[in-house]
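Asks: The following file, upload05.cif, comprises mmCIF, C-alpha atoms:
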```
data_final
#
loop_
_atom_site.label_atom_id
_atom_site.label_comp_id
_atom_site.auth_asym_id
_atom_site.auth_seq_id
_atom_site.Cartn_x
_atom_site.Cartn_y
_atom_site.Cartn_z
CA MET A 1 -23.71 -76.03 -75.76
CA THR A 2 -25.46 -76.81 -79.00
CA THR A 3 -29.02 -77.69 -79.77
CA SER A 4 -29.61 -80.53 -82.16
CA GLU A 5 -33.08 -79.38 -83.02
CA ASN A 6 -33.67 -78.56 -86.63
CA LYS A 7 -37.11 -77.68 -87.79
CA GLY A 8 -36.26 -77.88 -91.49
CA THR A 9 -37.55 -74.38 -92.06
CA THR A 10 -38.72 -73.60 -95.55
CA ARG A 11 -39.01 -70.33 -97.39
CA ARG A 12 -42.78 -70.69 -97.28
CA ARG A 13 -42.70 -71.06 -93.54
CA VAL A 14 -40.70 -67.87 -93.13
CA LEU A 15 -43.16 -65.89 -95.23
CA GLN A 16 -46.02 -67.27 -93.18
CA CYS A 17 -44.14 -66.38 -90.09
CA MET A 18 -43.69 -62.82 -91.22
CA SER A 19 -47.31 -62.45 -92.10
CA TRP A 20 -48.35 -63.60 -88.64
CA GLY A 21 -47.31 -60.32 -87.11
CA SER A 22 -49.34 -58.26 -89.50
CA ALA A 23 -51.13 -56.42 -86.70
CA GLY A 24 -48.04 -54.37 -86.08
CA ILE A 25 -44.86 -52.95 -87.43
CA LEU A 26 -42.06 -55.17 -88.60
CA TRP A 27 -38.61 -54.09 -87.49
CA THR A 28 -35.86 -55.34 -89.70
CA VAL A 29 -32.33 -54.70 -88.62
CA ALA A 30 -29.99 -54.87 -91.59
CA GLY A 31 -26.39 -53.80 -91.23
CA GLY A 32 -27.24 -52.21 -87.90
CA VAL A 33 -29.87 -49.91 -89.37
CA PRO A 34 -33.38 -50.67 -88.21
CA GLN A 35 -36.06 -50.32 -90.82
CA ALA A 36 -39.71 -50.21 -89.94
CA ARG A 37 -42.38 -50.96 -92.47
CA ALA A 38 -45.94 -52.10 -92.44
CA LEU A 39 -46.13 -55.84 -92.61
CA GLY A 40 -47.44 -57.49 -95.70
CA ALA A 41 -44.63 -56.47 -98.04
CA ARG A 42 -43.57 -60.09 -98.09
CA GLU A 43 -40.20 -59.48 -99.53
CA ALA A 44 -38.42 -62.61 -100.48
CA VAL A 45 -35.69 -62.54 -97.90
CA ALA A 46 -35.90 -66.14 -96.88
CA GLU A 47 -32.63 -67.97 -96.68
CA ALA A 48 -31.86 -71.56 -95.93
CA GLY A 49 -31.69 -71.94 -92.17
CA ALA A 50 -34.29 -69.29 -91.38
CA PHE A 51 -36.21 -69.84 -88.15
CA SER A 52 -38.14 -67.97 -85.53
CA PHE A 53 -38.32 -67.94 -81.76
CA VAL A 54 -40.41 -66.14 -79.16
CA GLN A 55 -39.46 -64.13 -76.09
CA ILE A 56 -41.58 -63.78 -72.98
CA SER A 57 -40.54 -61.88 -69.88
CA ASP A 58 -41.44 -60.77 -66.38
CA THR A 59 -44.20 -63.28 -65.75
CA HIS A 60 -44.10 -62.43 -61.99
CA ILE A 61 -46.09 -65.47 -60.90
CA GLY A 62 -47.11 -64.74 -57.30
CA PHE A 63 -47.86 -61.05 -57.86
CA GLY A 64 -51.37 -60.43 -56.62
CA LYS A 65 -52.09 -56.72 -56.69
CA ASP A 66 -53.55 -54.20 -59.08
CA PRO A 67 -53.38 -53.77 -61.96
CA ASN A 68 -53.22 -57.57 -62.40
CA PRO A 69 -54.11 -59.84 -59.46
CA THR A 70 -53.96 -62.90 -61.75
CA PRO A 71 -50.66 -62.91 -63.69
CA ASP A 72 -51.07 -66.67 -64.12
CA ALA A 73 -54.11 -66.04 -66.29
CA THR A 74 -52.36 -63.47 -68.48
CA LEU A 75 -49.36 -65.79 -68.83
CA ARG A 76 -51.69 -68.50 -70.08
CA GLU A 77 -53.13 -66.01 -72.57
CA ALA A 78 -49.63 -65.14 -73.75
CA LEU A 79 -48.78 -68.80 -74.29
CA GLY A 80 -52.10 -69.22 -76.06
CA LYS A 81 -51.07 -66.51 -78.52
CA ILE A 82 -47.81 -68.31 -79.14
CA ALA A 83 -49.61 -71.63 -79.65
CA ALA A 84 -51.90 -69.93 -82.16
CA MET A 85 -49.01 -68.72 -84.29
CA PRO A 86 -49.31 -70.21 -87.76
CA ASN A 87 -45.74 -71.46 -87.57
CA ARG A 88 -44.22 -73.05 -84.57
CA PRO A 89 -41.26 -71.17 -83.03
CA ALA A 90 -38.06 -73.18 -82.66
CA PHE A 91 -37.97 -72.33 -78.95
CA MET A 92 -38.89 -69.78 -76.31
CA LEU A 93 -36.68 -67.40 -74.34
CA HIS A 94 -37.73 -66.22 -70.87
CA THR A 95 -35.79 -63.11 -69.86
CA GLY A 96 -36.39 -63.34 -66.14
CA ASP A 97 -38.64 -62.54 -63.22
CA VAL A 98 -40.41 -65.86 -63.60
CA SER A 99 -41.63 -65.42 -60.02
CA HIS A 100 -42.49 -62.41 -57.90
CA LEU A 101 -40.95 -63.46 -54.57
CA SER A 102 -38.62 -66.38 -55.45
CA LYS A 103 -40.96 -68.73 -53.57
CA PRO A 104 -40.76 -72.44 -54.48
CA SER A 105 -44.56 -72.47 -54.80
CA GLU A 106 -44.37 -69.63 -57.34
CA PHE A 107 -41.67 -71.39 -59.36
CA ASP A 108 -43.70 -74.60 -59.31
CA ALA A 109 -46.86 -72.83 -60.46
CA ALA A 110 -44.92 -71.13 -63.23
CA SER A 111 -43.39 -74.43 -64.33
CA GLN A 112 -46.81 -76.01 -64.66
CA ILE A 113 -47.96 -73.16 -66.91
CA PHE A 114 -44.77 -73.08 -69.02
CA LYS A 115 -45.19 -76.80 -69.69
CA THR A 116 -48.39 -76.08 -71.58
CA ALA A 117 -46.36 -74.22 -74.22
CA ALA A 118 -44.62 -77.50 -75.11
CA LEU A 119 -41.62 -75.51 -76.37
CA GLU A 120 -38.00 -75.91 -75.46
CA THR A 121 -37.39 -72.89 -73.22
CA PHE A 122 -34.21 -71.07 -72.26
CA TYR A 123 -34.26 -69.01 -69.08
CA VAL A 124 -32.20 -66.33 -67.39
CA PRO A 125 -33.13 -65.16 -63.89
CA GLY A 126 -34.45 -61.76 -62.88
CA GLU A 127 -33.79 -60.14 -59.53
CA HIS A 128 -37.17 -61.40 -58.33
CA ASP A 129 -35.97 -64.97 -58.92
CA THR A 130 -32.79 -64.75 -56.84
CA ILE A 131 -33.95 -63.15 -53.59
CA ASN A 132 -32.03 -64.46 -50.59
CA ASP A 133 -30.57 -67.58 -52.24
CA ASP A 134 -28.65 -66.26 -55.28
CA GLY A 135 -31.03 -68.17 -57.50
CA LYS A 136 -30.63 -71.65 -56.00
CA GLU A 137 -34.33 -72.48 -56.25
CA PHE A 138 -34.53 -70.88 -59.69
CA PHE A 139 -31.57 -72.75 -61.16
CA SER A 140 -32.73 -76.05 -59.69
CA ARG A 141 -35.85 -75.77 -61.86
CA PHE A 142 -34.88 -73.65 -64.86
CA GLY A 143 -31.14 -74.18 -65.00
CA ALA A 144 -30.96 -77.31 -67.11
CA ARG A 145 -29.04 -75.36 -69.74
CA GLN A 146 -26.64 -73.74 -67.31
CA ALA A 147 -23.19 -75.07 -68.06
CA GLN A 148 -21.40 -72.56 -65.81
CA PRO A 149 -21.53 -72.31 -62.03
CA GLY A 150 -22.80 -68.72 -62.33
CA GLY A 151 -25.71 -69.78 -64.53
CA TRP A 152 -24.67 -68.16 -67.82
CA TYR A 153 -24.53 -70.22 -71.02
CA SER A 154 -24.64 -70.20 -74.79
CA PHE A 155 -26.07 -72.32 -77.58
CA ASP A 156 -26.38 -72.26 -81.34
CA GLN A 157 -29.44 -72.44 -83.53
CA ASN A 158 -29.25 -72.45 -87.33
CA GLY A 159 -25.97 -70.56 -87.32
CA VAL A 160 -27.08 -67.92 -84.80
CA HIS A 161 -25.13 -67.83 -81.53
CA PHE A 162 -27.30 -67.26 -78.45
CA ILE A 163 -25.78 -66.06 -75.16
CA GLY A 164 -27.76 -66.06 -71.90
CA LEU A 165 -26.22 -63.74 -69.30
CA VAL A 166 -26.99 -63.34 -65.57
CA ASN A 167 -26.88 -59.73 -64.35
CA VAL A 168 -29.02 -59.90 -61.19
CA ILE A 169 -26.76 -61.64 -58.65
CA ASN A 170 -24.19 -60.15 -56.29
CA LEU A 171 -25.46 -56.62 -56.92
CA LYS A 172 -23.40 -53.86 -55.35
CA ALA A 173 -24.71 -51.08 -53.10
CA GLY A 174 -25.34 -48.00 -55.23
CA GLY A 175 -24.96 -50.01 -58.43
CA LEU A 176 -27.11 -51.38 -61.25
CA GLY A 177 -27.17 -54.82 -62.81
CA TYR A 178 -23.86 -56.66 -62.59
CA LEU A 179 -22.15 -59.32 -64.69
CA GLY A 180 -18.85 -59.64 -62.84
CA PRO A 181 -15.32 -60.53 -64.00
CA ASP A 182 -15.88 -64.31 -64.16
CA GLN A 183 -18.80 -63.95 -66.54
CA LEU A 184 -17.01 -61.33 -68.67
CA GLN A 185 -14.03 -63.65 -69.01
CA TRP A 186 -16.28 -66.54 -69.97
CA LEU A 187 -18.02 -64.34 -72.55
CA ALA A 188 -14.70 -63.38 -74.13
CA ASN A 189 -13.73 -67.05 -74.40
CA ASP A 190 -17.16 -68.10 -75.63
CA THR A 191 -17.16 -65.73 -78.61
CA LYS A 192 -13.43 -65.89 -79.40
CA GLY A 193 -13.61 -68.51 -82.10
CA LEU A 194 -16.72 -67.21 -83.84
CA SER A 195 -16.72 -65.62 -87.27
CA ALA A 196 -17.60 -61.91 -87.28
CA SER A 197 -20.42 -62.74 -89.67
CA ALA A 198 -22.15 -65.00 -87.14
CA PRO A 199 -25.34 -63.30 -85.94
CA ILE A 200 -25.31 -62.94 -82.13
CA VAL A 201 -28.30 -62.80 -79.80
CA VAL A 202 -27.59 -61.84 -76.17
CA PHE A 203 -30.40 -62.22 -73.65
CA ALA A 204 -30.37 -61.10 -70.02
CA HIS A 205 -32.90 -59.72 -67.57
CA MET A 206 -31.76 -56.17 -66.85
CA PRO A 207 -31.07 -53.83 -69.78
CA LEU A 208 -27.49 -54.05 -70.99
CA TRP A 209 -27.35 -50.36 -71.66
CA ALA A 210 -27.82 -47.33 -69.40
CA LEU A 211 -31.51 -47.01 -70.11
CA TYR A 212 -32.42 -45.07 -66.96
CA PRO A 213 -29.88 -45.50 -64.14
CA ASP A 214 -31.91 -43.33 -61.74
CA TRP A 215 -34.35 -46.22 -61.58
CA GLY A 216 -31.66 -48.86 -61.72
CA TRP A 217 -32.33 -49.62 -65.38
CA GLY A 218 -28.91 -50.57 -66.63
CA THR A 219 -25.95 -52.87 -66.01
CA ASP A 220 -22.74 -51.54 -64.45
CA ASP A 221 -20.28 -53.54 -66.53
CA ALA A 222 -22.33 -54.03 -69.70
CA ALA A 223 -19.94 -51.82 -71.70
CA GLN A 224 -17.15 -54.34 -71.13
CA ALA A 225 -19.36 -57.16 -72.38
CA LEU A 226 -20.42 -55.25 -75.47
CA ALA A 227 -16.90 -54.09 -76.32
CA GLY A 228 -16.02 -57.69 -77.09
CA LEU A 229 -19.04 -58.02 -79.38
CA LYS A 230 -18.33 -54.96 -81.52
CA ARG A 231 -16.57 -56.98 -84.21
CA PHE A 232 -19.75 -58.88 -85.03
CA GLY A 233 -21.92 -57.64 -87.88
CA SER A 234 -25.24 -58.35 -86.17
CA VAL A 235 -25.76 -58.27 -82.41
CA THR A 236 -29.27 -58.31 -80.95
CA VAL A 237 -29.65 -57.73 -77.21
CA LEU A 238 -32.97 -58.89 -75.71
CA ASN A 239 -33.83 -57.77 -72.18
CA GLY A 240 -36.83 -57.57 -69.86
CA HIS A 241 -37.06 -55.89 -66.44
CA ILE A 242 -38.73 -52.62 -67.45
CA HIS A 243 -42.04 -54.12 -68.62
CA GLN A 244 -42.23 -52.08 -71.82
CA VAL A 245 -40.79 -52.04 -75.31
CA MET A 246 -37.76 -49.78 -75.69
CA GLN A 247 -35.27 -49.89 -78.56
CA LYS A 248 -31.87 -48.45 -79.25
CA VAL A 249 -29.31 -49.05 -81.98
CA GLU A 250 -25.62 -48.47 -81.46
CA GLY A 251 -23.43 -49.45 -84.39
CA ASN A 252 -24.23 -53.07 -85.21
CA VAL A 253 -25.85 -53.64 -81.81
CA SER A 254 -29.61 -53.44 -81.46
CA PHE A 255 -31.03 -53.27 -77.90
CA GLN A 256 -34.62 -54.34 -77.29
CA THR A 257 -36.57 -54.58 -74.03
CA ALA A 258 -39.77 -56.60 -73.99
CA ARG A 259 -43.20 -56.26 -72.42
CA SER A 260 -44.17 -58.22 -69.33
CA THR A 261 -47.01 -60.74 -69.27
CA ALA A 262 -47.98 -59.52 -65.77
CA PHE A 263 -48.09 -55.73 -65.38
CA PRO A 264 -46.71 -52.58 -67.03
CA GLN A 265 -44.23 -50.11 -65.60
CA PRO A 266 -44.08 -46.38 -66.36
CA ALA A 267 -41.91 -44.85 -69.05
CA PRO A 268 -38.48 -43.79 -67.75
CA GLY A 269 -38.80 -40.87 -65.34
CA GLN A 270 -42.58 -40.67 -65.67
CA GLY A 271 -43.83 -40.59 -62.11
CA PRO A 272 -42.11 -41.08 -58.78
CA GLY A 273 -40.73 -44.58 -59.29
CA PRO A 274 -40.63 -47.74 -61.39
CA GLY A 275 -43.30 -49.77 -59.57
CA PRO A 276 -46.30 -51.41 -61.18
CA MET A 277 -48.18 -48.89 -63.33
CA GLN A 278 -51.89 -48.73 -62.70
CA VAL A 279 -54.09 -49.08 -65.76
CA PRO A 280 -57.82 -49.73 -66.07
CA ALA A 281 -58.71 -53.41 -66.37
CA ASP A 282 -59.92 -52.96 -69.94
CA ARG A 283 -56.53 -51.55 -70.94
CA LEU A 284 -54.33 -54.12 -69.20
CA ARG A 285 -53.93 -56.46 -72.15
CA SER A 286 -52.85 -53.62 -74.42
CA VAL A 287 -49.73 -53.10 -72.27
CA LEU A 288 -48.79 -56.79 -71.84
CA GLY A 289 -47.31 -58.85 -74.60
CA ILE A 290 -44.95 -61.28 -76.28
CA ARG A 291 -42.18 -60.90 -78.83
CA ASP A 292 -41.64 -62.84 -82.03
CA VAL A 293 -38.18 -62.87 -83.59
CA ALA A 294 -37.68 -64.28 -87.09
CA PHE A 295 -34.18 -64.82 -88.41
CA THR A 296 -33.98 -64.67 -92.16
CA GLY A 297 -30.25 -64.75 -92.71
CA MET A 298 -28.29 -62.10 -90.82
CA ALA A 299 -31.16 -59.83 -89.93
CA PRO A 300 -33.65 -60.57 -87.15
CA ALA A 301 -37.16 -59.31 -87.76
CA ILE A 302 -38.61 -58.37 -84.39
CA SER A 303 -42.32 -58.12 -83.82
CA ASP A 304 -43.81 -57.06 -80.49
CA ASN A 305 -47.43 -58.01 -80.03
CA THR A 306 -49.73 -57.12 -77.15
CA LEU A 307 -52.19 -59.53 -75.60
CA ALA A 308 -54.95 -57.26 -76.93
CA SER A 309 -53.82 -57.50 -80.55
CA MET B 1 -46.80 -55.91 -23.27
CA LEU B 2 -44.32 -57.00 -25.91
CA LYS B 3 -47.03 -58.78 -27.82
CA ILE B 4 -49.23 -55.68 -27.83
CA LEU B 5 -46.38 -53.55 -29.19
CA ALA B 6 -45.77 -55.97 -32.01
CA ILE B 7 -49.41 -55.73 -32.99
CA ALA B 8 -49.21 -51.94 -32.88
CA ILE B 9 -46.32 -51.98 -35.33
CA SER B 10 -48.26 -54.27 -37.60
CA GLY B 11 -51.23 -51.91 -37.47
CA VAL B 12 -49.13 -48.92 -38.47
CA SER B 13 -47.57 -50.60 -41.45
CA VAL B 14 -50.82 -52.08 -42.67
CA GLY B 15 -52.51 -48.70 -42.32
CA PHE B 16 -49.87 -46.96 -44.39
CA ALA B 17 -50.03 -49.55 -47.11
CA GLY B 18 -53.80 -49.36 -47.22
CA MET B 19 -54.00 -53.05 -47.92
CA ALA B 20 -52.21 -56.31 -47.21
CA LEU B 21 -54.63 -58.39 -45.19
CA ALA B 22 -52.25 -61.26 -45.69
CA HIS B 23 -49.59 -59.21 -43.97
CA ASP B 24 -46.50 -61.30 -43.46
CA MET B 25 -44.87 -60.81 -40.09
CA ARG B 26 -41.98 -63.17 -40.61
CA GLU B 27 -39.49 -60.34 -40.51
CA MET B 28 -40.54 -59.47 -36.98
CA ALA B 29 -39.90 -62.98 -35.76
CA GLY B 30 -37.15 -63.11 -33.20
CA LEU B 31 -36.71 -59.37 -33.09
CA ALA B 32 -37.27 -57.45 -29.87
CA PRO B 33 -39.96 -54.79 -30.42
CA PRO B 34 -38.69 -51.24 -29.94
CA PRO B 35 -39.43 -49.44 -26.68
CA ALA B 36 -42.84 -47.79 -26.44
CA THR B 37 -41.38 -44.29 -26.35
CA GLN B 38 -40.10 -44.77 -29.88
CA LEU B 39 -43.37 -45.87 -31.44
CA ALA B 40 -44.65 -42.38 -32.26
CA ALA B 41 -44.77 -41.59 -35.96
CA THR B 42 -42.26 -38.81 -35.47
CA ALA B 43 -39.73 -40.96 -33.63
CA PRO B 44 -36.35 -40.72 -35.37
CA ASN B 45 -36.00 -44.47 -35.75
CA ALA B 46 -38.53 -45.18 -38.50
CA ILE B 47 -37.41 -45.44 -42.11
CA THR B 48 -39.94 -45.98 -44.86
CA VAL B 49 -39.58 -47.28 -48.37
CA ASP B 50 -41.66 -45.36 -50.86
CA ASN B 51 -41.24 -45.24 -54.63
CA PHE B 52 -37.96 -47.12 -54.60
CA ALA B 53 -36.29 -44.84 -52.03
CA PHE B 54 -35.42 -45.01 -48.32
CA ALA B 55 -36.78 -42.03 -46.38
CA PRO B 56 -34.96 -40.52 -44.68
CA ALA B 57 -31.96 -41.75 -46.65
CA ALA B 58 -29.66 -40.62 -43.84
CA MET B 59 -30.54 -40.94 -40.15
CA THR B 60 -28.56 -40.31 -36.97
CA VAL B 61 -29.51 -42.23 -33.81
CA ARG B 62 -28.05 -42.92 -30.38
CA ALA B 63 -26.30 -46.20 -29.67
CA GLY B 64 -28.82 -48.80 -28.56
CA THR B 65 -31.58 -47.54 -30.83
CA THR B 66 -33.71 -50.01 -32.75
CA VAL B 67 -34.34 -48.74 -36.27
CA THR B 68 -37.34 -50.11 -38.15
CA TRP B 69 -37.76 -50.08 -41.91
CA THR B 70 -41.27 -50.43 -43.33
CA ASN B 71 -41.90 -51.11 -47.01
CA ARG B 72 -44.83 -49.04 -48.27
CA ASP B 73 -44.17 -49.77 -51.96
CA ASP B 74 -46.15 -52.13 -54.14
CA GLU B 75 -42.75 -53.57 -54.98
CA LEU B 76 -40.62 -55.99 -52.98
CA HIS B 77 -37.49 -54.59 -51.29
CA THR B 78 -34.75 -55.68 -48.90
CA VAL B 79 -32.56 -53.92 -46.33
CA VAL B 80 -28.99 -55.22 -46.49
CA SER B 81 -25.78 -53.98 -44.92
CA ALA B 82 -23.29 -52.65 -47.48
CA ASP B 83 -20.38 -53.75 -45.29
CA ASP B 84 -18.33 -56.83 -46.01
CA PRO B 85 -19.12 -59.06 -44.21
CA LYS B 86 -22.73 -57.95 -44.05
CA LEU B 87 -23.78 -56.78 -40.59
CA PHE B 88 -27.51 -57.23 -41.17
CA LYS B 89 -29.75 -58.55 -43.90
CA SER B 90 -33.53 -58.61 -44.09
CA GLY B 91 -35.54 -61.19 -45.93
CA PRO B 92 -37.74 -60.03 -48.78
CA LEU B 93 -40.07 -57.29 -47.52
CA ASP B 94 -43.38 -57.25 -49.33
CA THR B 95 -45.86 -54.39 -49.03
CA GLY B 96 -46.40 -53.55 -45.36
CA ASP B 97 -43.59 -55.74 -44.04
CA SER B 98 -41.13 -54.34 -41.49
CA PHE B 99 -37.56 -55.13 -40.49
CA SER B 100 -35.70 -53.92 -37.40
CA VAL B 101 -32.07 -53.66 -36.39
CA THR B 102 -30.75 -52.60 -32.98
CA PHE B 103 -27.54 -50.61 -33.36
CA ALA B 104 -25.44 -51.18 -30.25
CA LYS B 105 -22.16 -49.60 -31.31
CA PRO B 106 -21.39 -46.11 -32.69
CA GLY B 107 -20.40 -46.00 -36.34
CA THR B 108 -21.63 -45.31 -39.87
CA TYR B 109 -23.75 -48.09 -41.27
CA LYS B 110 -24.45 -48.03 -45.00
CA TYR B 111 -27.13 -50.23 -46.42
CA TYR B 112 -28.99 -50.87 -49.68
CA CYS B 113 -31.76 -52.89 -51.28
CA SER B 114 -30.12 -55.99 -52.72
CA ILE B 115 -32.89 -56.28 -55.32
CA HIS B 116 -32.68 -52.63 -56.44
CA PRO B 117 -29.12 -51.71 -55.48
CA HIS B 118 -29.45 -48.09 -56.61
CA MET B 119 -31.54 -47.68 -53.41
CA VAL B 120 -29.06 -46.77 -50.68
CA GLY B 121 -29.21 -45.29 -47.18
CA THR B 122 -27.07 -44.61 -44.12
CA VAL B 123 -27.61 -44.90 -40.38
CA VAL B 124 -25.10 -42.97 -38.27
CA VAL B 125 -24.94 -44.20 -34.68
CA ARG B 126 -23.49 -41.86 -32.06
#
```
Would you kindly transcribe this structure into structure tokens?

Replies:
Amino acid sequence: MTTSENKGTTRRRVLQCMSWGSAGILWTVAGGVPQARALGAREAVAEAGAFSFVQISDTHIGFGKDPNPTPDATLREALGKIAAMPNRPAFMLHTGDVSHLSKPSEFDAASQIFKTAALETFYVPGEHDTINDDGKEFFSRFGARQAQPGGWYSFDQNGVHFIGLVNVINLKAGGLGYLGPDQLQWLANDTKGLSASAPIVVFAHMPLWALYPDWGWGTDDAAQALAGLKRFGSVTVLNGHIHQVMQKVEGNVSFQTARSTAFPQPAPGQGPGPGPMQVPADRLRSVLGIRDVAFTGMAPAISDNTLAS
Amino acid sequence: MLKILAIAISGVSVGFAGMALAHDMREMAGLAPPPATQLAATAPNAITVDNFAFAPAAMTVRAGTTVTWTNRDDELHTVVSADDPKLFKSGPLDTGDSFSVTFAKPGTYKYYCSIHPHMVGTVVVR
């Protein structure tokens, strides 16, 4: 599937885009080596075809407990931050857990809020979106892009190949996230004809590496998926699920989990379990956030920003 | 009498959770409440979910026992048979919700949370 949208990005726009994230650290992944530097350097890295997009995750509409009884309000704040960006993102990715309990009313409420972003949005489900019905309600609302029966899909934007994977359905007892043989086969076919120089972005809900299996933070058959992507010079894997920013680089593959817009979870192994982490109300927004990803040629510049920044 | 027992179960789970006024009893619908003799906190037919784990993770009961799972986590969980085809399957259990299964036949019954599949448990029926 291909998007026809072209924002006609200019070099000036890219520089503006980079300067937007100046509250934080800019991560540039070049040749698989991440480089962090304070923003403001404004190096002239803009190439024709540069663009940016945003990632939000784990909106958990329907959650109603501490530390955030109103995740709808913090989602609106997150979208407000995106709307205030000096340059409009080409689109938005949502890496799952739109809802808390897979209830139609939660999906409907979320839809109404997402609409206010007025951005084309690509979704993958989280395990909270597929309770009891394997995602039927979810896909009926957010599955417009889903070309495959299992809900996975791909699209291209300015020469970057985006792959949305589903790793929260048909989970096995004692296991972690699961892609399954059908999806792995589709992935192999989907990427077969691509040049190794094509930048790849994979997005899925659960981490596609063994981040902390004791808490279920990983995907059983992710290694098989990634083996087929090793030939590519730039692979960026964007996940949600753990409600915090974690990064890892393995060869040319950069793994990145994003913050939630609803509530934080503890660092791996800190505390008895991975439930909602309690934080004082005045600290909540410093642990929720959005992610801005700017593509300037091969290398994505990833900027994670909290709702407090 | 049956109605009173159902309320008692509700009271226990709500008390443990320390919250949940909007306690959802859907999971109890259509299920026969366990006999009164098994309602004590120490009865070997109560399994809790705390911090993403079933406790006790392994339980042995006599045939005919009704086992009740109660979710005390802030997180949603399910109780689903690991057999194929599945022998039992709860709906989503929010904080304070309970789910019961009566085990009529001896055997080893493995189960898991279908949302967090690393959470596993076993009921052995003798």

Asks: Pull out every residue that the PyMOL selection byres ((chain B and resi 69) around 12) matches in the shown coordinates and put them as a short mmCIF file (atom, residue, chain, number, x, y, z; two decimals) with C-alpha atoms, in the frame of the given file.

Replies:
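See selection-v2.cif below for the written result:
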```cif
data_model
loop_
_atom_site.label_atom_id
_atom_site.label_comp_id
_atom_site.auth_asym_id
_atom_site.auth_seq_id
_atom_site.Cartn_x
_atom_site.Cartn_y
_atom_site.Cartn_z
CA ILE B 9 -46.32 -51.98 -35.33
CA VAL B 12 -49.13 -48.92 -38.47
CA SER B 13 -47.57 -50.60 -41.45
CA GLU B 27 -39.49 -60.34 -40.51
CA MET B 28 -40.54 -59.47 -36.98
CA PRO B 44 -36.35 -40.72 -35.37
CA ASN B 45 -36.00 -44.47 -35.75
CA ALA B 46 -38.53 -45.18 -38.50
CA ILE B 47 -37.41 -45.44 -42.11
CA THR B 48 -39.94 -45.98 -44.86
CA VAL B 49 -39.58 -47.28 -48.37
CA ASP B 50 -41.66 -45.36 -50.86
CA ALA B 53 -36.29 -44.84 -52.03
CA PHE B 54 -35.42 -45.01 -48.32
CA ALA B 55 -36.78 -42.03 -46.38
CA PRO B 56 -34.96 -40.52 -44.68
CA ALA B 57 -31.96 -41.75 -46.65
CA MET B 59 -30.54 -40.94 -40.15
CA THR B 66 -33.71 -50.01 -32.75
CA VAL B 67 -34.34 -48.74 -36.27
CA THR B 68 -37.34 -50.11 -38.15
CA THR B 70 -41.27 -50.43 -43.33
CA ASN B 71 -41.90 -51.11 -47.01
CA ARG B 72 -44.83 -49.04 -48.27
CA ASP B 73 -44.17 -49.77 -51.96
CA HIS B 77 -37.49 -54.59 -51.29
CA THR B 78 -34.75 -55.68 -48.90
CA VAL B 79 -32.56 -53.92 -46.33
CA VAL B 80 -28.99 -55.22 -46.49
CA LYS B 89 -29.75 -58.55 -43.90
CA SER B 90 -33.53 -58.61 -44.09
CA LEU B 93 -40.07 -57.29 -47.52
CA ASP B 94 -43.38 -57.25 -49.33
CA THR B 95 -45.86 -54.39 -49.03
CA GLY B 96 -46.40 -53.55 -45.36
CA ASP B 97 -43.59 -55.74 -44.04
CA SER B 98 -41.13 -54.34 -41.49
CA PHE B 99 -37.56 -55.13 -40.49
CA SER B 100 -35.70 -53.92 -37.40
CA VAL B 101 -32.07 -53.66 -36.39
CA THR B 102 -30.75 -52.60 -32.98
CA TYR B 111 -27.13 -50.23 -46.42
CA TYR B 112 -28.99 -50.87 -49.68
CA CYS B 113 -31.76 -52.89 -51.28
CA GLY B 121 -29.21 -45.29 -47.18
CA VAL B 123 -27.61 -44.90 -40.38
#
```

Asks: Report as a VMD selection string the full result of the PyMOL selection byres ((chain A) within 9 of (chain B)) when it is applied to this structure.

Replies: chain A and resid 65 100 to 101 127 to 128 130 to 132 168 to 177 213 to 216 272 to 276

Asks: Set the distance at 12 Å and use all atoms listed in the file: which residues neighbour Phe162 (chain A) once local chain neighbours fewer than 4 positions away are removed? I'd like the list as number ranges by chain.

Replies: A: 1-3, 53, 91, 93, 122-123, 152-158, 187, 190-191, 194, 198-204, 234-238

Asks: Could you list, as a CSV table (one decimal) with C-alpha atoms, keeping the file's coordinate frame, every residue matched by the PyMOL selection byres ((chain A and resi 267) around 12) in this structure?

Replies:
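Writing the result to result-v6.csv gives the following:
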```
chain,number,residue,atom,x,y,z
A,211,LEU,CA,-31.5,-47.0,-70.1
A,212,TYR,CA,-32.4,-45.1,-67.0
A,215,TRP,CA,-34.4,-46.2,-61.6
A,217,TRP,CA,-32.3,-49.6,-65.4
A,242,ILE,CA,-38.7,-52.6,-67.4
A,243,HIS,CA,-42.0,-54.1,-68.6
A,244,GLN,CA,-42.2,-52.1,-71.8
A,245,VAL,CA,-40.8,-52.0,-75.3
A,246,MET,CA,-37.8,-49.8,-75.7
A,259,ARG,CA,-43.2,-56.3,-72.4
A,264,PRO,CA,-46.7,-52.6,-67.0
A,265,GLN,CA,-44.2,-50.1,-65.6
A,266,PRO,CA,-44.1,-46.4,-66.4
A,268,PRO,CA,-38.5,-43.8,-67.8
A,269,GLY,CA,-38.8,-40.9,-65.3
A,270,GLN,CA,-42.6,-40.7,-65.7
A,271,GLY,CA,-43.8,-40.6,-62.1
A,272,PRO,CA,-42.1,-41.1,-58.8
A,273,GLY,CA,-40.7,-44.6,-59.3
A,274,PRO,CA,-40.6,-47.7,-61.4
A,275,GLY,CA,-43.3,-49.8,-59.6
A,276,PRO,CA,-46.3,-51.4,-61.2
A,277,MET,CA,-48.2,-48.9,-63.3
A,287,VAL,CA,-49.7,-53.1,-72.3
```

Asks: Rounded to one decimal place, report the CA of Gly180 (chain A)-CA of Pro104 (chain A) distance in Å.

Replies: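 These atoms are spaced 26.7 Å apart.
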